[in-house]
Structure formats: C-alpha cells, structure tokens
file structure_7.json (JSON, C-alpha atoms)
[["chain", "number", "residue", "atom", "x", "y", "z"],
["A", 15, "MET", "CA", 5.56, 8.14, 32.60],
["A", 16, "ALA", "CA", 8.32, 10.52, 31.68],
["A", 17, "MET", "CA", 11.79, 9.19, 30.90],
["A", 18, "ASN", "CA", 14.40, 10.60, 33.28],
["A", 19, "ARG", "CA", 18.16, 11.04, 33.64],
["A", 20, "ALA", "CA", 18.65, 7.47, 34.86],
["A", 21, "GLN", "CA", 17.75, 6.24, 31.37],
["A", 22, "PHE", "CA", 20.32, 8.45, 29.64],
["A", 23, "LYS", "CA", 23.35, 8.25, 31.96],
["A", 24, "LYS", "CA", 26.00, 8.22, 29.25],
["A", 25, "GLN", "CA", 24.64, 11.36, 27.62],
["A", 26, "LEU", "CA", 25.14, 13.24, 30.87],
["A", 27, "GLN", "CA", 28.90, 12.58, 30.93],
["A", 28, "ASP", "CA", 31.91, 13.75, 28.97],
["A", 29, "GLY", "CA", 33.72, 11.36, 26.65],
["A", 30, "LEU", "CA", 30.82, 10.02, 24.61],
["A", 31, "ASN", "CA", 31.66, 9.64, 20.90],
["A", 32, "ALA", "CA", 28.29, 8.87, 19.28],
["A", 33, "VAL", "CA", 24.65, 8.13, 20.01],
["A", 34, "PHE", "CA", 23.40, 5.53, 17.53],
["A", 35, "GLY", "CA", 20.36, 3.35, 16.86],
["A", 36, "LEU", "CA", 17.76, 6.04, 16.24],
["A", 37, "GLU", "CA", 18.42, 6.85, 12.61],
["A", 38, "TYR", "CA", 18.74, 4.65, 9.55],
["A", 39, "LYS", "CA", 18.70, 5.32, 5.85],
["A", 40, "GLN", "CA", 15.21, 6.51, 4.92],
["A", 41, "LEU", "CA", 13.99, 5.37, 1.52],
["A", 42, "MET", "CA", 10.86, 6.66, -0.12],
["A", 43, "ASP", "CA", 7.56, 5.04, 0.85],
["A", 44, "VAL", "CA", 7.48, 2.15, -1.62],
["A", 45, "TRP", "CA", 3.74, 1.66, -1.13],
["A", 46, "ARG", "CA", 3.16, 4.98, -2.88],
["A", 47, "GLN", "CA", 4.23, 3.23, -6.09],
["A", 48, "TYR", "CA", 1.31, 0.79, -6.01],
["A", 49, "MET", "CA", -1.42, 2.70, -4.13],
["A", 50, "ASN", "CA", -3.48, 5.60, -5.45],
["A", 51, "VAL", "CA", -2.92, 8.39, -2.92],
["A", 52, "GLU", "CA", -5.74, 10.84, -2.24],
["A", 53, "THR", "CA", -6.53, 13.47, 0.39],
["A", 54, "GLU", "CA", -9.74, 14.40, 2.20],
["A", 55, "ASN", "CA", -10.08, 17.59, 4.24],
["A", 56, "ARG", "CA", -13.50, 17.50, 5.89],
["A", 57, "LYS", "CA", -15.21, 14.17, 6.48],
["A", 58, "ALA", "CA", -15.03, 11.41, 9.08],
["A", 59, "TYR", "CA", -15.26, 8.84, 6.30],
["A", 60, "VAL", "CA", -15.64, 8.72, 2.54],
["A", 61, "GLU", "CA", -17.49, 6.32, 0.26],
["A", 62, "ASP", "CA", -16.90, 5.16, -3.29],
["A", 63, "VAL", "CA", -19.94, 3.73, -5.04],
["A", 64, "MET", "CA", -19.73, 1.26, -7.90],
["A", 65, "MET", "CA", -22.21, 1.95, -10.69],
["A", 66, "ALA", "CA", -22.49, -0.66, -13.42],
["A", 67, "GLY", "CA", -22.49, 0.53, -17.01],
["A", 68, "LEU", "CA", -24.86, -0.46, -19.76],
["A", 69, "GLY", "CA", -24.88, -3.63, -21.82],
["A", 70, "ALA", "CA", -23.95, -3.89, -25.48],
["A", 71, "ALA", "CA", -26.03, -1.89, -27.95],
["A", 72, "ALA", "CA", -28.48, -3.93, -30.06],
["A", 73, "VAL", "CA", -29.27, -3.86, -33.77],
["A", 74, "LYS", "CA", -32.45, -1.85, -34.44],
["A", 75, "GLY", "CA", -34.60, -3.04, -37.29],
["A", 76, "GLU", "CA", -36.03, -0.56, -39.75],
["A", 77, "GLY", "CA", -39.12, 1.06, -38.28],
["A", 78, "ALA", "CA", -38.70, -0.81, -35.00],
["A", 79, "GLY", "CA", -38.33, 0.80, -31.62],
["A", 80, "VAL", "CA", -34.96, 1.27, -29.97],
["A", 81, "SER", "CA", -33.94, -1.11, -27.19],
["A", 82, "TYR", "CA", -33.71, 0.29, -23.68],
["A", 83, "ASP", "CA", -31.34, -0.80, -20.93],
["A", 84, "SER", "CA", -31.07, 0.16, -17.27],
["A", 85, "THR", "CA", -28.45, 0.04, -14.58],
["A", 86, "SER", "CA", -27.96, 0.88, -10.91],
["A", 87, "GLU", "CA", -25.45, 1.28, -8.16],
["A", 88, "THR", "CA", -24.07, -2.07, -7.00],
["A", 89, "TYR", "CA", -21.92, -1.68, -3.87],
["A", 90, "VAL", "CA", -20.25, 0.92, -1.68],
["A", 91, "ALA", "CA", -16.62, 0.92, -0.51],
["A", 92, "ARG", "CA", -16.32, 2.92, 2.71],
["A", 93, "TYR", "CA", -13.05, 4.35, 4.01],
["A", 94, "VAL", "CA", -13.22, 5.18, 7.72],
["A", 95, "PHE", "CA", -10.35, 7.35, 8.88],
["A", 96, "GLU", "CA", -8.38, 6.13, 11.87],
["A", 97, "THR", "CA", -5.97, 8.07, 14.03],
["A", 98, "ILE", "CA", -2.37, 6.88, 14.20],
["A", 99, "ALA", "CA", -0.33, 8.43, 17.02],
["A", 100, "LEU", "CA", 2.63, 7.93, 19.33],
["A", 101, "ALA", "CA", 4.16, 10.05, 22.08],
["A", 102, "PHE", "CA", 6.87, 10.12, 24.72],
["A", 103, "ALA", "CA", 7.76, 12.37, 27.64],
["A", 104, "ILE", "CA", 11.13, 13.32, 29.10],
["A", 105, "THR", "CA", 11.92, 15.18, 32.30],
["A", 106, "GLU", "CA", 13.07, 18.77, 32.28],
["A", 107, "GLU", "CA", 16.25, 17.77, 34.10],
["A", 108, "ALA", "CA", 17.19, 15.18, 31.50],
["A", 109, "GLU", "CA", 16.84, 17.79, 28.78],
["A", 110, "GLU", "CA", 18.85, 20.34, 30.75],
["A", 111, "ASP", "CA", 21.73, 18.02, 31.66],
["A", 112, "GLY", "CA", 22.25, 16.31, 28.31],
["A", 113, "LEU", "CA", 25.70, 17.23, 27.02],
["A", 114, "TYR", "CA", 25.22, 16.10, 23.42],
["A", 115, "GLY", "CA", 22.20, 18.05, 22.26],
["A", 116, "SER", "CA", 18.53, 17.67, 23.05],
["A", 117, "ILE", "CA", 17.61, 14.09, 23.92],
["A", 118, "GLY", "CA", 14.02, 14.88, 23.01],
["A", 119, "LYS", "CA", 14.96, 16.04, 19.51],
["A", 120, "LYS", "CA", 16.96, 12.87, 18.94],
["A", 121, "LEU", "CA", 13.99, 10.74, 19.98],
["A", 122, "SER", "CA", 11.58, 12.80, 17.89],
["A", 123, "ARG", "CA", 13.31, 11.46, 14.78],
["A", 124, "ALA", "CA", 12.59, 7.94, 16.00],
["A", 125, "LEU", "CA", 8.98, 9.04, 16.55],
["A", 126, "ALA", "CA", 8.62, 9.90, 12.86],
["A", 127, "ARG", "CA", 10.21, 6.60, 11.85],
["A", 128, "SER", "CA", 7.75, 4.67, 14.01],
["A", 129, "TYR", "CA", 4.82, 6.48, 12.42],
["A", 130, "LYS", "CA", 6.03, 5.73, 8.90],
["A", 131, "HIS", "CA", 6.45, 2.07, 9.80],
["A", 132, "THR", "CA", 2.86, 1.78, 11.04],
["A", 133, "ILE", "CA", 1.44, 3.41, 7.90],
["A", 134, "ALA", "CA", 3.57, 1.23, 5.62],
["A", 135, "THR", "CA", 2.49, -1.92, 7.47],
["A", 136, "ARG", "CA", -1.19, -1.02, 7.33],
["A", 137, "VAL", "CA", -0.97, -0.37, 3.60],
["A", 138, "ALA", "CA", 0.92, -3.61, 2.93],
["A", 139, "ASN", "CA", -1.75, -5.48, 4.88],
["A", 140, "VAL", "CA", -4.27, -4.59, 2.18],
["A", 141, "LEU", "CA", -2.31, -7.08, 0.07],
["A", 142, "ASN", "CA", -1.25, -9.40, 2.92],
["A", 143, "ASN", "CA", -4.90, -9.92, 3.90],
["A", 144, "GLY", "CA", -6.16, -9.83, 0.33],
["A", 145, "PHE", "CA", -6.89, -13.56, 0.21],
["A", 146, "THR", "CA", -8.70, -13.66, 3.57],
["A", 147, "GLY", "CA", -12.46, -14.10, 3.49],
["A", 148, "GLY", "CA", -13.02, -11.66, 6.36],
["A", 149, "ALA", "CA", -11.02, -8.86, 4.73],
["A", 150, "THR", "CA", -13.84, -7.39, 2.67],
["A", 151, "GLN", "CA", -13.18, -3.66, 2.90],
["A", 152, "GLY", "CA", -13.84, -3.26, -0.82],
["A", 153, "GLY", "CA", -17.60, -3.39, -0.35],
["A", 154, "ASP", "CA", -18.70, -6.26, -2.61],
["A", 155, "GLY", "CA", -18.65, -8.82, 0.21],
["A", 156, "VAL", "CA", -15.63, -10.89, -0.84],
["A", 157, "ALA", "CA", -11.89, -10.67, -0.32],
["A", 158, "LEU", "CA", -9.81, -8.39, -2.53],
["A", 159, "PHE", "CA", -8.30, -11.30, -4.49],
["A", 160, "SER", "CA", -11.18, -13.59, -5.38],
["A", 161, "ALA", "CA", -12.77, -15.48, -8.25],
["A", 162, "SER", "CA", -16.21, -14.63, -6.85],
["A", 163, "HIS", "CA", -16.64, -10.88, -7.28],
["A", 164, "PRO", "CA", -20.39, -10.45, -7.99],
["A", 165, "LEU", "CA", -21.24, -8.67, -11.24],
["A", 166, "LYS", "CA", -24.33, -6.72, -12.27],
["A", 167, "SER", "CA", -24.75, -9.14, -15.16],
["A", 168, "GLY", "CA", -25.23, -11.96, -12.68],
["A", 169, "GLY", "CA", -21.87, -13.61, -13.30],
["A", 170, "LEU", "CA", -18.67, -13.55, -11.28],
["A", 171, "GLY", "CA", -15.51, -11.58, -11.85],
["A", 172, "SER", "CA", -12.01, -12.67, -10.89],
["A", 173, "ASN", "CA", -8.73, -10.95, -10.12],
["A", 174, "LEU", "CA", -7.20, -14.14, -8.72],
["A", 175, "LEU", "CA", -4.71, -15.93, -10.95],
["A", 176, "THR", "CA", -6.78, -18.79, -12.38],
["A", 177, "ASN", "CA", -4.21, -21.44, -11.53],
["A", 178, "ALA", "CA", -2.31, -20.50, -8.38],
["A", 179, "ALA", "CA", 1.41, -20.47, -9.17],
["A", 180, "ASP", "CA", 4.75, -19.15, -8.01],
["A", 181, "LEU", "CA", 6.22, -16.26, -9.95],
["A", 182, "SER", "CA", 7.57, -17.52, -13.27],
["A", 183, "GLU", "CA", 7.51, -16.66, -16.95],
["A", 184, "THR", "CA", 4.41, -18.80, -17.46],
["A", 185, "SER", "CA", 2.45, -17.41, -14.50],
["A", 186, "LEU", "CA", 3.35, -13.82, -15.42],
["A", 187, "GLU", "CA", 2.09, -14.46, -18.96],
["A", 188, "ASP", "CA", -1.10, -16.07, -17.59],
["A", 189, "ILE", "CA", -1.95, -13.12, -15.36],
["A", 190, "SER", "CA", -1.21, -10.71, -18.21],
["A", 191, "ILE", "CA", -3.67, -12.57, -20.46],
["A", 192, "GLN", "CA", -6.24, -12.66, -17.67],
["A", 193, "ILE", "CA", -6.00, -8.88, -17.27],
["A", 194, "SER", "CA", -6.30, -8.39, -21.02],
["A", 195, "ASN", "CA", -9.52, -10.44, -21.03],
["A", 196, "ALA", "CA", -11.14, -8.55, -18.13],
["A", 197, "THR", "CA", -14.71, -7.26, -18.50],
["A", 198, "ASP", "CA", -16.85, -4.73, -16.68],
["A", 199, "ASP", "CA", -19.96, -5.52, -14.63],
["A", 200, "ARG", "CA", -22.05, -5.84, -17.80],
["A", 201, "GLY", "CA", -19.64, -8.08, -19.67],
["A", 202, "LEU", "CA", -18.06, -5.46, -21.92],
["A", 203, "PRO", "CA", -14.26, -5.74, -22.38],
["A", 204, "VAL", "CA", -12.16, -3.40, -20.22],
["A", 205, "ASP", "CA", -8.92, -2.02, -21.61],
["A", 206, "MET", "CA", -6.36, -2.26, -18.81],
["A", 207, "GLU", "CA", -2.59, -2.50, -18.70],
["A", 208, "MET", "CA", -0.31, -3.90, -16.02],
["A", 209, "GLN", "CA", 1.50, -1.20, -14.08],
["A", 210, "SER", "CA", 3.64, -2.64, -11.28],
["A", 211, "LEU", "CA", 4.78, -6.08, -10.21],
["A", 212, "VAL", "CA", 4.57, -6.00, -6.41],
["A", 213, "ILE", "CA", 6.69, -8.60, -4.65],
["A", 214, "PRO", "CA", 8.15, -9.56, -1.25],
["A", 215, "THR", "CA", 11.90, -9.49, -0.77],
["A", 216, "ALA", "CA", 12.24, -13.23, -1.47],
["A", 217, "LEU", "CA", 11.20, -12.75, -5.11],
["A", 218, "ARG", "CA", 13.48, -9.83, -5.93],
["A", 219, "PHE", "CA", 16.00, -11.69, -8.07],
["A", 220, "ILE", "CA", 13.44, -13.89, -9.82],
["A", 221, "ALA", "CA", 11.39, -10.81, -10.75],
["A", 222, "HIS", "CA", 14.43, -8.95, -12.06],
["A", 223, "ARG", "CA", 15.45, -11.84, -14.30],
["A", 224, "LEU", "CA", 11.89, -12.21, -15.64],
["A", 225, "LEU", "CA", 11.51, -8.56, -16.59],
["A", 226, "PHE", "CA", 15.00, -7.51, -17.63],
["A", 227, "SER", "CA", 16.80, -10.51, -19.16],
["A", 228, "ASN", "CA", 17.34, -10.12, -22.89],
["A", 229, "LEU", "CA", 16.48, -13.78, -23.53],
["A", 230, "ARG", "CA", 13.99, -16.14, -21.89],
["A", 231, "VAL", "CA", 15.01, -17.38, -18.47],
["A", 232, "ASP", "CA", 15.39, -21.03, -17.40],
["A", 233, "THR", "CA", 15.35, -22.35, -20.97],
["A", 234, "PRO", "CA", 18.04, -23.31, -23.50],
["A", 235, "ASN", "CA", 15.95, -21.79, -26.29],
["A", 236, "ASN", "CA", 17.36, -18.67, -27.89],
["A", 237, "ASP", "CA", 14.05, -16.80, -27.69],
["A", 238, "LEU", "CA", 13.58, -13.14, -26.89],
["A", 239, "ASN", "CA", 12.22, -12.21, -23.48],
["A", 240, "ALA", "CA", 8.68, -11.21, -24.48],
["A", 241, "ALA", "CA", 7.91, -9.61, -21.10],
["A", 242, "LYS", "CA", 10.80, -7.20, -21.60],
["A", 243, "ASP", "CA", 10.21, -6.56, -25.31],
["A", 244, "LEU", "CA", 6.50, -5.92, -24.83],
["A", 245, "ASN", "CA", 7.10, -3.90, -21.65],
["A", 246, "ILE", "CA", 4.10, -5.63, -20.11],
["A", 247, "VAL", "CA", 4.86, -4.23, -16.63],
["A", 248, "ARG", "CA", 5.00, -0.52, -17.41],
["A", 249, "LYS", "CA", 6.27, 0.78, -14.06],
["A", 250, "GLY", "CA", 8.54, -2.14, -13.21],
["A", 251, "ILE", "CA", 9.08, -3.92, -9.91],
["A", 252, "VAL", "CA", 8.01, -2.70, -6.49],
["A", 253, "MET", "CA", 9.57, -4.68, -3.63],
["A", 254, "ASP", "CA", 7.76, -4.17, -0.34],
["A", 255, "LYS", "CA", 9.59, -5.69, 2.63],
["A", 256, "ARG", "CA", 6.37, -5.64, 4.67],
["A", 257, "LEU", "CA", 4.70, -8.25, 2.48],
["A", 258, "THR", "CA", 4.60, -11.34, 4.68],
["A", 259, "ASP", "CA", 4.04, -14.26, 2.27],
["A", 260, "THR", "CA", 7.33, -15.15, 0.60],
["A", 261, "ASP", "CA", 5.74, -16.54, -2.57],
["A", 262, "ALA", "CA", 2.62, -14.39, -2.97],
["A", 263, "TRP", "CA", 2.89, -11.77, -5.71],
["A", 264, "PHE", "CA", 0.68, -9.08, -7.15],
["A", 265, "VAL", "CA", 0.18, -6.94, -10.24],
["A", 266, "THR", "CA", -1.46, -3.51, -10.24],
["A", 267, "THR", "CA", -3.32, -2.14, -13.24],
["A", 268, "ASP", "CA", -4.32, 1.29, -14.50],
["A", 269, "CYS", "CA", -7.97, 0.66, -13.60],
["A", 270, "PRO", "CA", -9.35, 3.79, -11.88],
["A", 271, "ASP", "CA", -10.26, 3.64, -8.19],
["A", 272, "GLY", "CA", -8.39, 0.43, -7.42],
["A", 273, "LEU", "CA", -6.07, 0.30, -4.39],
["A", 274, "LYS", "CA", -6.36, 3.49, -2.34],
["A", 275, "PHE", "CA", -4.68, 5.34, 0.50],
["A", 276, "ILE", "CA", -6.62, 8.40, 1.63],
["A", 277, "GLU", "CA", -5.05, 10.88, 4.01],
["A", 278, "ARG", "CA", -7.41, 12.87, 6.22],
["A", 279, "VAL", "CA", -4.76, 14.60, 8.35],
["A", 280, "ALA", "CA", -1.09, 14.60, 7.37],
["A", 281, "PRO", "CA", 1.27, 13.54, 10.17],
["A", 282, "LYS", "CA", 2.11, 16.42, 12.47],
["A", 283, "THR", "CA", 4.50, 16.60, 15.40],
["A", 284, "LYS", "CA", 3.76, 18.55, 18.54],
["A", 285, "LEU", "CA", 5.90, 19.55, 21.52],
["A", 286, "GLU", "CA", 4.60, 20.93, 24.80],
["A", 287, "GLY", "CA", 5.80, 21.31, 28.36],
["A", 288, "ASP", "CA", 3.88, 20.55, 31.53],
["A", 289, "PHE", "CA", 3.71, 23.58, 33.85],
["A", 290, "GLU", "CA", 3.90, 21.67, 37.14],
["A", 291, "THR", "CA", 6.47, 18.96, 36.38],
["A", 292, "GLY", "CA", 8.41, 20.64, 33.58],
["A", 293, "ASN", "CA", 8.26, 17.39, 31.63],
["A", 294, "MET", "CA", 8.54, 17.79, 27.87],
["A", 295, "ARG", "CA", 6.06, 15.80, 25.81],
["A", 296, "PHE", "CA", 6.54, 14.95, 22.15],
["A", 297, "LYS", "CA", 3.77, 13.57, 19.94],
["A", 298, "ILE", "CA", 3.14, 12.61, 16.32],
["A", 299, "ARG", "CA", -0.37, 12.18, 14.98],
["A", 300, "GLY", "CA", -2.15, 11.66, 11.66],
["A", 301, "ARG", "CA", -5.38, 10.24, 10.25],
["A", 302, "SER", "CA", -5.78, 8.03, 7.21],
["A", 303, "ALA", "CA", -7.51, 5.03, 5.67],
["A", 304, "GLN", "CA", -6.53, 2.45, 3.09],
["A", 305, "GLY", "CA", -8.31, -0.22, 1.07],
["A", 306, "TRP", "CA", -9.74, -0.81, -2.38],
["A", 307, "SER", "CA", -12.79, 0.16, -4.40],
["A", 308, "ASN", "CA", -12.58, -1.51, -7.83],
["A", 309, "TYR", "CA", -11.03, -4.98, -7.52],
["A", 310, "ARG", "CA", -9.74, -4.72, -11.10],
["A", 311, "GLY", "CA", -7.02, -2.39, -9.81],
["A", 312, "ALA", "CA", -4.96, -5.35, -8.60],
["A", 313, "TYR", "CA", -4.52, -9.02, -9.47],
["A", 314, "GLY", "CA", -2.68, -11.55, -7.40],
["A", 315, "THR", "CA", -1.92, -15.08, -6.27],
["A", 316, "ALA", "CA", -0.78, -16.63, -3.02],
["A", 317, "GLY", "CA", 1.74, -18.70, -4.96],
["A", 318, "GLY", "CA", 1.85, -22.36, -5.89]]

call {"tool": "encode", "arguments": {"input": "structure_7.json", "output": "structure tokens"}}
result
Amino acid sequence: MAMNRAQFKKQLQDGLNAVFGLEYKQLMDVWRQYMNVETENRKAYVEDVMMAGLGAAAVKGEGAGVSYDSTSETYVARYVFETIALAFAITEEAEEDGLYGSIGKKLSRALARSYKHTIATRVANVLNNGFTGGATQGGDGVALFSASHPLKSGGLGSNLLTNAADLSETSLEDISIQISNATDDRGLPVDMEMQSLVIPTALRFIAHRLLFSNLRVDTPNNDLNAAKDLNIVRKGIVMDKRLTDTDAWFVTTDCPDGLKFIERVAPKTKLEGDFETGNMRFKIRGRSAQGWSNYRGAYGTAGG
C-alpha cells in the first residue's frame, strides 16, 4: 500500500527545520575485511570442490620401482544465490505537496541502508552460526568451527580452539600455535598466517590491549608483548557489531578459498510510476551468497 500525505503532515507545511532519522554515519562494510569477496555473472549457483593432495614422497631404493599415490575430490561447497530486496510506494500527491524536497528520495537513502544491514547480518551469521551442527554450508557435513572435519587421510581436522577460552594472551597464543601446526587432507603441514582478529563489540578494549601494548598485559613481569613484536595478526582487529556472542572470537588466515561472499547481482535501485494511480514505487534489489569452502580459512572459539 502506498504511503500518503497523512503520513507526512509536517513536510507539507511551512516552518519545518529538519527531517531526521533516515541518515547516519556510514562506515565501510567491516565484513569485507574478513571475507573473500568474489563476483559471478552468469550462474544460479556456484560450487567449490575440495581435492585432496598427495601424501609424502617415499624413499626409492636403487633399482626398485617408484611408489604411486592417488587422490580424489572429497566434498563440494555450493553457494546458492538468493535475492535480497525491499521496496516502498508513495502517492503522487505526497510527492507533489512536499515542501522540503522529494520524500521518496529521502526514503530511498533509508532503502539503501536497510539493504546494507541485511547483507552485513547475513555475512556475520556465517560466524554467529559457525558452532551450530545444522549450519553445514561448507560441504563437509560439519559446522564451520569443529574438531571433526573429515580428512582424506582418514583423520579429523580442527579449526576449533582446542580448549575453549575467552580472549586472552594465552588463548591467542594457543590458537596461533594451532594454526601453525595445521595440515592438509593428507597430513602434510600447511603454511598459514593469521590475518584478522574478528571480535564483537564487547571485546574491543581487550583485543586492543593484547595486540598493541608494548609490554605483556595483566602481569607484573616486564616482558615484551610477543603478539605485537611478532605481528602475529597481520591485518589487525576487525570489530563487527553484528556478532551476537559477546565472548566468541575468531581469527582468519590466508588459506585460499576460506570464508566467501559471492555477489551475483550488485544492488541496484529502481524507480517507476504507476500509470493509473500515479503512485511512485522505489525498490532496491541484489543477489548474493555467503559461506565457506576451506575450513582452514577461519579458526574460532565460543569463549570459556
């Protein structure tokens, strides 16, 4: 139903000083700092397939035959694009009688803000739901953060902090060591580095002290802050206010094909008028998908 003049009475009269509530400071999309952003121009969905590598090479005795190994694809991560859209309509009379500029144009800015909020929430939910057994969009049948990722070698991989803990110097060191000891699906060591420390708003000050203090925090010892000196979190802190667990925290790595946001259709706004009623209709629409392919792209814990 179209909004009419009765809903915008003050904007039809002289003496109004300001119309507020539609616009706020717009920061960059923080999720772009911890997601790999890709685009797709043709398909209804895309798939990433995990293919395990080969095992370690063996010593060949003189005159003996060479050892052979084999591998295969293991699982498929599918990204199905969904349409995100919102619209509103306003009567022709309301647009004509507004004394302080187009009401529709003012509301169209709120339309864009609503769209950005939905995308940011959906992306953050990749992490928010990362410990949930039913959230298995990665393709290997378990949650994103799990100690039970099946491996080609027959073992299990883990990107879950071994001992669940709140963010501290000790837990940050533990997850760093765990990442350094990561292996591929055949048990060969994987060289990965921590990229971003992704936190909710409640951990902002703790994280800053851990990464940027010159000396160790919460100790009388006059030791250097190893996390700062070693620059173990290369891209620093990413605070996402849409993370819902106040003590869960996450670390991204430089592993290829980890957390992903894939845009099928960039958000576009559209304006059209109805011939019979004269109502003006405003719409924003886009298509995208988000998830993860290689679990080694992110490590996390739900806290202590």

call {"tool": "atom_distance", "arguments": {"input": "structure_7.json", "atom1": "CA of Cys269 in chain A", "atom2": "CA of Glu183 in chain A"}}
result
23.5 Å

call {"tool": "atom_distance", "arguments": {"input": "structure_7.json", "atom1": "CA of Ala312 in chain A", "atom2": "CA of Gly272 in chain A"}}
result
6.8 Å

call {"tool": "residues_near_point", "arguments": {"input": "structure_7.json", "point": "(14.3, -12.8, -22.6)", "cutoff": "9 Å", "atoms": "all atoms listed in the file", "output": "NGL selection string"}}
result
:A and (223-231 or 236-243)

call {"tool": "write_last_selection", "arguments": {"input": "structure_7.json", "atoms": "C-alpha atoms", "output": "compact mmCIF listing (two decimals), in the frame of the given file"}}
result
# COMPACT_ATOMS: atom_id res chain seq x y z
CA ARG A 223 15.45 -11.84 -14.30
CA LEU A 224 11.89 -12.21 -15.64
CA LEU A 225 11.51 -8.56 -16.59
CA PHE A 226 15.00 -7.51 -17.63
CA SER A 227 16.80 -10.51 -19.16
CA ASN A 228 17.34 -10.12 -22.89
CA LEU A 229 16.48 -13.78 -23.53
CA ARG A 230 13.99 -16.14 -21.89
CA VAL A 231 15.01 -17.38 -18.47
CA ASN A 236 17.36 -18.67 -27.89
CA ASP A 237 14.05 -16.80 -27.69
CA LEU A 238 13.58 -13.14 -26.89
CA ASN A 239 12.22 -12.21 -23.48
CA ALA A 240 8.68 -11.21 -24.48
CA ALA A 241 7.91 -9.61 -21.10
CA LYS A 242 10.80 -7.20 -21.60
CA ASP A 243 10.21 -6.56 -25.31

call {"tool": "residues_around", "arguments": {"input": "structure_7.json", "residues": "Arg301 in chain A", "least_positions_apart": "5", "cutoff": "7 Å", "atoms": "all atoms listed in the file", "output": "PDB file with C-alpha atoms, keeping the file's coordinate frame"}}
result
ATOM      1  CA  PHE A  95     -10.350   7.350   8.880  1.00  0.00           C
ATOM      2  CA  GLU A  96      -8.380   6.130  11.870  1.00  0.00           C
ATOM      3  CA  THR A  97      -5.970   8.070  14.030  1.00  0.00           C
ATOM      4  CA  ILE A  98      -2.370   6.880  14.200  1.00  0.00           C
ATOM      5  CA  GLU A 277      -5.050  10.880   4.010  1.00  0.00           C
ATOM      6  CA  ARG A 278      -7.410  12.870   6.220  1.00  0.00           C
ATOM      7  CA  VAL A 279      -4.760  14.600   8.350  1.00  0.00           C
ATOM      8  CA  ALA A 280      -1.090  14.600   7.370  1.00  0.00           C
TER       9      ALA A 280
END

call {"tool": "closest_atom_pairs", "arguments": {"input": "structure_7.json", "of": "range 247-292 of chain A", "to": "range 192-203 of chain A", "cutoff": "10 Å", "atoms": "all atoms listed in the file", "output": "Markdown table"}}
result
| residue | atom | partner | partner_atom | distance |
| --- | --- | --- | --- | --- |
| A:Val265 | CA | A:Ile193 | CA | 9.6 |
| A:Thr266 | CA | A:Ile193 | CA | 9.9 |
| A:Thr267 | CA | A:Ile193 | CA | 8.3 |

call {"tool": "atom_distance", "arguments": {"input": "structure_7.json", "atom1": "CA of Trp45 in chain A", "atom2": "CA of Val252 in chain A"}}
result
8.1 Å

call {"tool": "closest_residue", "arguments": {"input": "structure_7.json", "among": "A:Asn173, A:Thr105, A:Thr88, A:Ser81", "to": "Thr291 in chain A", "atoms": "only C-alpha atoms"}}
result
A:Thr105

call {"tool": "residues_around", "arguments": {"input": "structure_7.json", "residues": "Leu211 in chain A", "least_positions_apart": "5", "cutoff": "10 Å", "atoms": "all atoms listed in the file", "output": "PyMOL selection string"}}
result
chain A and resi 48+186+221+225+246-253+263-267+312-314

call {"tool": "axis_aligned_box", "arguments": {"input": "structure_7.json", "around": "range 226-240 of chain A", "padding_each_side": "3 Å", "output": "lines of an AutoDock Vina configuration file"}}
result
center_x = 13.4
center_y = -15.4
center_z = -22.6
size_x = 15.4
size_y = 21.8
size_z = 16.5

call {"tool": "closest_residue", "arguments": {"input": "structure_7.json", "among": "A:Asn55, A:Ser307, A:Ser302, A:Ser86", "to": "Lys166 in chain A", "atoms": "all atoms listed in the file"}}
result
A:Ser86

call {"tool": "residues_near_point", "arguments": {"input": "structure_7.json", "point": "(-3.4, 7.2, -4.5)", "cutoff": "10 Å", "atoms": "only C-alpha atoms", "output": "MDAnalysis selection string"}}
result
chainID A and resid 45:53 271:277 304

call {"tool": "closest_residue", "arguments": {"input": "structure_7.json", "among": "A:Arg299, A:Leu175, A:Gly305, A:Ala138", "to": "Asp188 in chain A", "atoms": "all atoms listed in the file"}}
result
A:Leu175

call {"tool": "closest_residue", "arguments": {"input": "structure_7.json", "among": "A:Thr184, A:Asn308, A:Asn235, A:Ser190", "to": "Met64 in chain A", "atoms": "all atoms listed in the file"}}
result
A:Asn308

call {"tool": "build_atoms", "arguments": {"input": "structure_7.json", "residues": "range 288-297 of chain A", "atoms": "N, CA, C and O atoms", "output": "compact mmCIF listing (two decimals), in the frame of the given file"}}
result
# COMPACT_ATOMS: atom_id res chain seq x y z
N ASP A 288 4.84 20.55 30.44
CA ASP A 288 3.88 20.55 31.53
C ASP A 288 4.31 21.60 32.57
O ASP A 288 5.46 21.61 33.02
N PHE A 289 3.38 22.47 32.96
CA PHE A 289 3.71 23.58 33.85
C PHE A 289 4.21 23.10 35.21
O PHE A 289 5.19 23.61 35.77
N GLU A 290 3.56 22.10 35.79
CA GLU A 290 3.90 21.67 37.14
C GLU A 290 5.18 20.84 37.19
O GLU A 290 6.05 21.08 38.03
N THR A 291 5.31 19.86 36.32
CA THR A 291 6.47 18.96 36.38
C THR A 291 7.64 19.45 35.54
O THR A 291 8.79 19.08 35.79
N GLY A 292 7.37 20.24 34.51
CA GLY A 292 8.41 20.64 33.58
C GLY A 292 8.72 19.59 32.53
O GLY A 292 9.57 19.79 31.67
N ASN A 293 8.03 18.45 32.61
CA ASN A 293 8.26 17.39 31.63
C ASN A 293 7.95 17.88 30.22
O ASN A 293 6.97 18.61 30.01
N MET A 294 8.77 17.45 29.26
CA MET A 294 8.54 17.79 27.87
C MET A 294 7.88 16.59 27.19
O MET A 294 8.34 15.46 27.32
N ARG A 295 6.81 16.87 26.47
CA ARG A 295 6.06 15.80 25.81
C ARG A 295 6.09 16.01 24.29
O ARG A 295 5.82 17.10 23.80
N PHE A 296 6.43 14.94 23.60
CA PHE A 296 6.54 14.95 22.15
C PHE A 296 5.50 14.00 21.59
O PHE A 296 5.33 12.88 22.09
N LYS A 297 4.83 14.40 20.51
CA LYS A 297 3.77 13.57 19.94
C LYS A 297 3.77 13.69 18.42
O LYS A 297 4.07 14.74 17.86
